[in-house]
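A short worksheet on the structure shown next.
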Amino acid sequence: MRNHEYFHDKFHLLVQTMFSSLSSRDFRYLWIGQCIALVGAWMQRTALVWLVYELTDSPFMVGLIGVFQFTPMFLFTLPAGVIVDRVKSKRNLLLITNFFFMLQALIMTILTYTNQINYYHIFILSAMYGLLMTFDMPARQAYFPELVGVDKVMNAVSLNSTIFNLAKIIGPALAGIVMVEWGTSFCFLTNTITYFAVILGLFMIHTPPKPHQPSHQNIRQEMQEGLSYIWHNNTLKVNVLFMATIVTFSMNNDVVTPIFAKEILHRGSDAYSMLMSTTGLGAFLGAIYMSYRAVHGVNKKLFIASIFVMTGTQISLFFLRSYEYALLATMVIGFCIIVFLNMSNSIFQLTAETKYRGRVMSVYSFLNGGSAPIGSFYAGSVMQGLGGAFGWPGCGLMALFLLGGAFFHYKTAFLRWYLKDL
């Protein structure tokens, strides 16, 4: 009986620790809405790729979806961060972005259901989605401290990563079933409906906006001020160097995995889907782990270890090429990616002053999404020139080489970053 009570208490404490940020009523509403909406978003993303390939029979045209989505982020993320800092209510900004997300999905539904859809419709709507994400991502990230407080922001970031990666597994699986039974238009319809959940959650939030100081500068001046603030804050500057290097060059799984499965493992779509699934599983386990340990704050040793384990595993795939090892390696890479991103996000959140948080998180969003075309081009070029075997090792080695150069050039800044407590 005592053992039963002991394990019950331990389990209760574990649950409380892992979900501590959900004690905030308003964050709970936002989180639950996101749980539902993200599944719909991944269903739409899966159906969209299939639809473009079905319409054009061209892998190049499929690749253009990402170009149209990420180009607005590349161009407008920094101005969007200024606007996030300027608005009095981040909730209202999120209501606007999610309403237009829903409208975008509804237009996709109507065009597809009536058989009037064409590839240029998809590219225009993909650009619209990317533009909305440019504002939505930094606003949502900057909103977390207002909802849960700075002490629980790391747990909030981890739980957000958990549902994102769970949706990444569930969404495509549901999309496959829905497309077979009812067609792609019903995936877009499902996504349209799921946005009601996050919009309803936002309407139920009553956290008052933080005090806001109006700015008399123009957007360009505030962008420069934000970038100057980051560059002259040693912790933020070093964190940007880590993010720019690792996200751009080490996180190209979507590009490398299909080539590795076909050219190196000599397998088909079954191996590709399994490797993507194990990456997602590793990311999901990483998010669960980070939710549990969030109460202990940022651990820079773990942060650096995630970089070396990730890049080391990528390099090892040049020498160890069995299917079984590849499944294990991609799971480790997925785990390390989430540990790295959560730690990096938390460092940005905990270091940034409130008046700069929107601009700081816009830089995080830019590095996490806007740099994807650069990394994809690099990974694709390496594999085109040297072969699929050099995909992951080329990414891992380039990341380590650039980090080594940055450390050599900014050695004092890196050492101060490591020794500074957050």
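Chain lettering (A, B, ...) mirrors the order of the structure tokens, residue numbering begins at 1 for each chain separately, and ligand numbering begins at 1 in order of display.
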
Contacts of Arg357 (chain A) at 10 Å (only C-alpha atoms; same-chain gap of 5+ positions) as number ranges by chain: A: 81-82, 84-85, 138-139, 141-143, 145, 226, 348-352, 362-363

Close residues, region 288-304 of chain A itself excluded, 8 Å, only C-alpha atoms, min 3 positions apart in chain, as JSON, numbers by chain: {"A": [14, 17, 18, 19, 152, 154, 155, 156, 158, 159, 162, 284, 285, 307, 308, 339, 340, 342, 343, 344, 346, 347, 418, 422]}

From A:Leu22, A:Val238, A:Ile163, A:Leu125, residue lying nearest Leu38 (chain A) [only C-alpha atoms]: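 For Leu38 (chain A), the nearest of the candidates is A:Ile163.
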
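Counting only C-alpha atoms and comparing A:Asn234, A:Thr311, A:Thr245, A:Gln44, the residue that lies closest to Gly183 (chain A) is A:Gln44.
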
Polymer residues at most 12 Å from Leu30 (chain A), only C-alpha atoms, same-chain spacing of 5 or more positions, as an NGL selection string: :A and (21-22 or 24-25 or 35-38 or 91 or 94-95 or 98 or 140-141 or 143-144 or 147-148 or 156 or 159-160 or 163 or 195-207)

Take the residues from that selection and put them in a file with C-alpha atoms, as a tab-separated table (two decimals), in the first residue's frame.
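Ended up saving to again05.tsv:
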```tsv
chain	number	residue	atom	x	y	z
A	21	SER	CA	2.65	26.00	-17.53
A	22	LEU	CA	-0.87	24.60	-18.04
A	24	SER	CA	-2.21	29.17	-16.34
A	25	ARG	CA	-5.85	29.18	-17.46
A	35	CYS	CA	-3.35	21.05	-30.23
A	36	ILE	CA	-6.34	20.85	-32.58
A	37	ALA	CA	-5.26	23.44	-35.16
A	38	LEU	CA	-1.77	21.96	-35.66
A	91	ARG	CA	-3.95	38.27	-28.57
A	94	LEU	CA	-3.04	36.29	-33.20
A	95	LEU	CA	-6.80	36.47	-33.75
A	98	ASN	CA	-5.57	32.77	-37.35
A	140	ARG	CA	2.93	33.61	-30.35
A	141	GLN	CA	6.44	33.14	-28.97
A	143	TYR	CA	3.03	36.01	-25.93
A	144	PHE	CA	4.13	33.02	-23.80
A	147	LEU	CA	0.53	34.15	-20.20
A	148	VAL	CA	2.71	31.98	-17.94
A	156	ALA	CA	5.51	26.49	-22.23
A	159	LEU	CA	4.81	21.84	-24.43
A	160	ASN	CA	4.38	23.84	-27.63
A	163	ILE	CA	2.12	19.23	-29.62
A	195	TYR	CA	-8.92	26.96	-36.72
A	196	PHE	CA	-12.18	27.59	-34.89
A	197	ALA	CA	-10.57	25.89	-31.87
A	198	VAL	CA	-7.61	28.27	-31.62
A	199	ILE	CA	-9.78	31.33	-32.39
A	200	LEU	CA	-12.24	30.30	-29.66
A	201	GLY	CA	-9.34	29.76	-27.24
A	202	LEU	CA	-7.98	33.24	-28.01
A	203	PHE	CA	-11.42	34.80	-27.42
A	204	MET	CA	-11.52	33.16	-23.97
A	205	ILE	CA	-8.16	34.63	-22.88
A	206	HIS	CA	-8.49	37.48	-20.36
A	207	THR	CA	-4.84	38.21	-19.55
```

Given only C-alpha atoms as the counted atoms, nearest of A:Ala41, A:Thr56, A:Ala413, A:Thr46 to Leu241 (chain A):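 Counting only C-alpha atoms, the residue closest to Leu241 (chain A) is A:Ala413.
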
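Close contacts of Ile124 (chain A), defined as residues with an atom at most 12 Å away when counting only C-alpha atoms, with chain neighbours fewer than 3 positions off set aside, comprise Leu64, Ile65, Gly66, Val67, Phe68, Gln69, Thr71, Pro72, Gln104, Ile107, Met108, Ile117, Asn118, Tyr119, Tyr120, His121, Ala127, Met128, Tyr129, Gly130 and Leu131 of chain A.
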
Output of the above residues as an mmCIF file, in the first residue's frame, restricted to N, CA and C atoms:
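Dumped everything to again06.cif:
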```cif
data_model
loop_
_atom_site.group_PDB
_atom_site.id
_atom_site.type_symbol
_atom_site.label_atom_id
_atom_site.label_comp_id
_atom_site.auth_asym_id
_atom_site.auth_seq_id
_atom_site.Cartn_x
_atom_site.Cartn_y
_atom_site.Cartn_z
ATOM 1 N N LEU A 64 8.826 24.080 -55.078
ATOM 2 C CA LEU A 64 8.489 25.496 -55.090
ATOM 3 C C LEU A 64 7.502 25.885 -53.987
ATOM 4 N N ILE A 65 6.754 24.911 -53.475
ATOM 5 C CA ILE A 65 5.831 25.215 -52.366
ATOM 6 C C ILE A 65 6.615 25.836 -51.214
ATOM 7 N N GLY A 66 7.742 25.188 -50.848
ATOM 8 C CA GLY A 66 8.561 25.694 -49.759
ATOM 9 C C GLY A 66 9.145 27.056 -50.064
ATOM 10 N N VAL A 67 9.527 27.273 -51.324
ATOM 11 C CA VAL A 67 10.083 28.570 -51.720
ATOM 12 C C VAL A 67 9.051 29.677 -51.507
ATOM 13 N N PHE A 68 7.806 29.425 -51.955
ATOM 14 C CA PHE A 68 6.761 30.435 -51.817
ATOM 15 C C PHE A 68 6.367 30.644 -50.355
ATOM 16 N N GLN A 69 6.464 29.597 -49.527
ATOM 17 C CA GLN A 69 6.128 29.736 -48.114
ATOM 18 C C GLN A 69 7.209 30.485 -47.349
ATOM 19 N N THR A 71 9.813 32.433 -48.571
ATOM 20 C CA THR A 71 10.285 33.723 -49.061
ATOM 21 C C THR A 71 9.704 34.904 -48.277
ATOM 22 N N PRO A 72 8.379 34.925 -47.971
ATOM 23 C CA PRO A 72 7.870 36.029 -47.138
ATOM 24 C C PRO A 72 8.533 36.091 -45.767
ATOM 25 N N GLN A 104 -7.585 31.196 -45.679
ATOM 26 C CA GLN A 104 -6.718 30.575 -46.680
ATOM 27 C C GLN A 104 -7.090 29.109 -46.888
ATOM 28 N N ILE A 107 -10.440 28.849 -48.832
ATOM 29 C CA ILE A 107 -10.267 29.076 -50.271
ATOM 30 C C ILE A 107 -9.698 27.819 -50.933
ATOM 31 N N MET A 108 -8.719 27.177 -50.282
ATOM 32 C CA MET A 108 -8.165 25.929 -50.806
ATOM 33 C C MET A 108 -9.250 24.859 -50.918
ATOM 34 N N ILE A 117 -8.901 24.295 -58.967
ATOM 35 C CA ILE A 117 -7.574 24.541 -58.427
ATOM 36 C C ILE A 117 -6.506 24.401 -59.505
ATOM 37 N N ASN A 118 -5.521 25.271 -59.488
ATOM 38 C CA ASN A 118 -4.364 25.179 -60.377
ATOM 39 C C ASN A 118 -3.119 25.441 -59.555
ATOM 40 N N TYR A 119 -1.958 25.067 -60.114
ATOM 41 C CA TYR A 119 -0.745 25.194 -59.313
ATOM 42 C C TYR A 119 -0.445 26.636 -58.925
ATOM 43 N N TYR A 120 -0.800 27.602 -59.785
ATOM 44 C CA TYR A 120 -0.511 28.995 -59.417
ATOM 45 C C TYR A 120 -1.401 29.473 -58.274
ATOM 46 N N HIS A 121 -2.636 28.903 -58.159
ATOM 47 C CA HIS A 121 -3.465 29.194 -56.977
ATOM 48 C C HIS A 121 -2.736 28.740 -55.711
ATOM 49 N N ALA A 127 2.203 31.492 -50.460
ATOM 50 C CA ALA A 127 2.852 32.757 -50.096
ATOM 51 C C ALA A 127 2.045 33.487 -49.031
ATOM 52 N N MET A 128 0.709 33.422 -49.154
ATOM 53 C CA MET A 128 -0.163 34.027 -48.141
ATOM 54 C C MET A 128 0.064 33.349 -46.785
ATOM 55 N N TYR A 129 0.178 32.014 -46.793
ATOM 56 C CA TYR A 129 0.428 31.271 -45.555
ATOM 57 C C TYR A 129 1.769 31.680 -44.940
ATOM 58 N N GLY A 130 2.801 31.802 -45.786
ATOM 59 C CA GLY A 130 4.110 32.199 -45.292
ATOM 60 C C GLY A 130 4.112 33.597 -44.702
ATOM 61 N N LEU A 131 3.382 34.515 -45.346
ATOM 62 C CA LEU A 131 3.295 35.881 -44.831
ATOM 63 C C LEU A 131 2.606 35.904 -43.468
#
```

Spatial neighbours of region 393-410 of chain A, 9 Å, only C-alpha atoms, chain gap at least 4 places, as a VMD selection string: chain A and resid 238 241 to 242 245 to 252 307 to 308 310 to 318 375 378 to 379 382 to 383 389 414 to 415

Could you write out the selected residues, including N, CA and C atoms, as a compact mmCIF listing (two decimals), in the first residue's frame?
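Generated file (again.txt):
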```
# COMPACT_ATOMS: atom_id res chain seq x y z
N VAL A 238 25.63 35.45 -29.17
CA VAL A 238 26.16 34.09 -29.28
C VAL A 238 25.04 33.10 -29.61
N LEU A 241 24.43 33.18 -33.24
CA LEU A 241 25.47 32.46 -33.98
C LEU A 241 25.23 30.96 -33.94
N PHE A 242 24.84 30.44 -32.78
CA PHE A 242 24.50 29.02 -32.67
C PHE A 242 23.32 28.68 -33.59
N THR A 245 23.96 28.84 -37.44
CA THR A 245 24.80 27.75 -37.93
C THR A 245 24.07 26.41 -37.92
N ILE A 246 23.51 26.05 -36.77
CA ILE A 246 22.92 24.72 -36.62
C ILE A 246 21.62 24.58 -37.43
N VAL A 247 20.74 25.56 -37.34
CA VAL A 247 19.46 25.45 -38.05
C VAL A 247 19.68 25.44 -39.56
N THR A 248 20.56 26.29 -40.05
CA THR A 248 20.78 26.38 -41.49
C THR A 248 21.45 25.14 -42.06
N PHE A 249 22.45 24.60 -41.35
CA PHE A 249 23.25 23.54 -41.96
C PHE A 249 23.02 22.15 -41.37
N SER A 250 22.51 22.03 -40.15
CA SER A 250 22.32 20.69 -39.58
C SER A 250 20.89 20.20 -39.64
N MET A 251 19.95 21.08 -39.91
CA MET A 251 18.53 20.68 -39.86
C MET A 251 17.92 20.66 -41.25
N ASN A 252 18.43 19.74 -42.08
CA ASN A 252 17.94 19.60 -43.45
C ASN A 252 17.42 18.19 -43.70
N ILE A 307 24.38 19.71 -29.66
CA ILE A 307 25.02 20.08 -30.93
C ILE A 307 26.02 19.01 -31.35
N PHE A 308 26.87 18.59 -30.42
CA PHE A 308 27.92 17.63 -30.77
C PHE A 308 27.35 16.23 -31.02
N MET A 310 24.29 15.64 -32.17
CA MET A 310 23.58 15.75 -33.45
C MET A 310 24.55 15.68 -34.63
N THR A 311 25.55 16.55 -34.63
CA THR A 311 26.49 16.59 -35.76
C THR A 311 27.34 15.31 -35.83
N GLY A 312 27.70 14.77 -34.67
CA GLY A 312 28.46 13.52 -34.65
C GLY A 312 27.67 12.36 -35.23
N THR A 313 26.40 12.30 -34.91
CA THR A 313 25.53 11.25 -35.47
C THR A 313 25.38 11.41 -36.97
N GLN A 314 25.25 12.66 -37.43
CA GLN A 314 25.15 12.90 -38.88
C GLN A 314 26.41 12.45 -39.60
N ILE A 315 27.57 12.75 -39.05
CA ILE A 315 28.84 12.35 -39.66
C ILE A 315 28.97 10.82 -39.66
N SER A 316 28.50 10.16 -38.60
CA SER A 316 28.63 8.71 -38.49
C SER A 316 27.86 7.97 -39.58
N LEU A 317 26.82 8.63 -40.15
CA LEU A 317 26.03 7.98 -41.20
C LEU A 317 26.82 7.81 -42.50
N PHE A 318 27.98 8.43 -42.61
CA PHE A 318 28.85 8.19 -43.76
C PHE A 318 29.51 6.81 -43.66
N GLY A 375 19.76 26.46 -46.34
CA GLY A 375 20.18 25.12 -45.93
C GLY A 375 19.78 24.06 -46.94
N TYR A 378 22.08 24.28 -49.90
CA TYR A 378 23.41 23.73 -49.58
C TYR A 378 23.36 22.20 -49.59
N ALA A 379 22.40 21.61 -48.87
CA ALA A 379 22.32 20.15 -48.77
C ALA A 379 22.09 19.53 -50.15
N VAL A 382 25.36 19.71 -52.22
CA VAL A 382 26.36 18.74 -51.76
C VAL A 382 26.03 17.35 -52.31
N MET A 383 24.78 16.96 -52.21
CA MET A 383 24.38 15.62 -52.69
C MET A 383 24.41 15.53 -54.20
N ALA A 389 25.53 9.98 -50.13
CA ALA A 389 26.26 9.58 -48.91
C ALA A 389 26.82 10.78 -48.16
N PHE A 414 31.98 33.85 -26.54
CA PHE A 414 31.49 32.50 -26.27
C PHE A 414 31.75 32.09 -24.82
N LEU A 415 32.92 32.41 -24.31
CA LEU A 415 33.25 32.05 -22.93
C LEU A 415 32.38 32.82 -21.95
```

Nearest-residue call for Gly358 (chain A), choices A:Gln116, A:Ser322, A:Thr134, A:Thr109, using only C-alpha atoms: A:Thr134

Two-atom distance - CA of Ile259 (chain A), CA of Met73 (chain A) (Å):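 A separation of 26.5 Å between them.
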
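Checking A:Ala244, A:Ile264, A:Leu341, A:Ala271 one by one against Ile374 (chain A), counting only C-alpha atoms, you find the shortest gap at A:Ala244.
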
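Shortest separation to Phe99 (chain A) among A:Glu181, A:Leu78, A:Ile193, A:Tyr53 occurs at residue A:Ile193, atoms counted being only C-alpha atoms.
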
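Put simply, CA of Met137 (chain A) is 8.1 Å away from CA of Met361 (chain A).
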
DSSP helix (DSSP H, G or I) residues within region 98-307 of chain A, as JSON, numbers by chain: {"A": [98, 99, 100, 101, 102, 103, 104, 105, 106, 107, 108, 109, 110, 111, 112, 113, 119, 120, 121, 122, 123, 124, 125, 126, 127, 128, 129, 130, 131, 132, 133, 134, 135, 136, 137, 138, 139, 140, 141, 142, 143, 144, 145, 146, 147, 148, 150, 151, 152, 153, 154, 155, 156, 157, 158, 159, 160, 161, 162, 163, 164, 165, 166, 167, 168, 169, 170, 171, 172, 173, 174, 175, 176, 177, 178, 179, 180, 181, 184, 185, 186, 187, 188, 189, 190, 191, 192, 193, 194, 195, 196, 197, 198, 199, 200, 201, 202, 203, 219, 220, 221, 222, 223, 224, 225, 226, 227, 228, 229, 230, 231, 232, 234, 235, 236, 237, 238, 239, 240, 241, 242, 243, 244, 245, 246, 247, 248, 249, 250, 253, 254, 255, 256, 257, 258, 259, 260, 261, 262, 263, 264, 269, 270, 271, 272, 273, 274, 275, 276, 277, 278, 279, 280, 281, 282, 283, 284, 285, 286, 287, 288, 289, 290, 291, 292, 293, 294, 295, 296, 300, 301, 302, 303, 304, 305, 306, 307]}
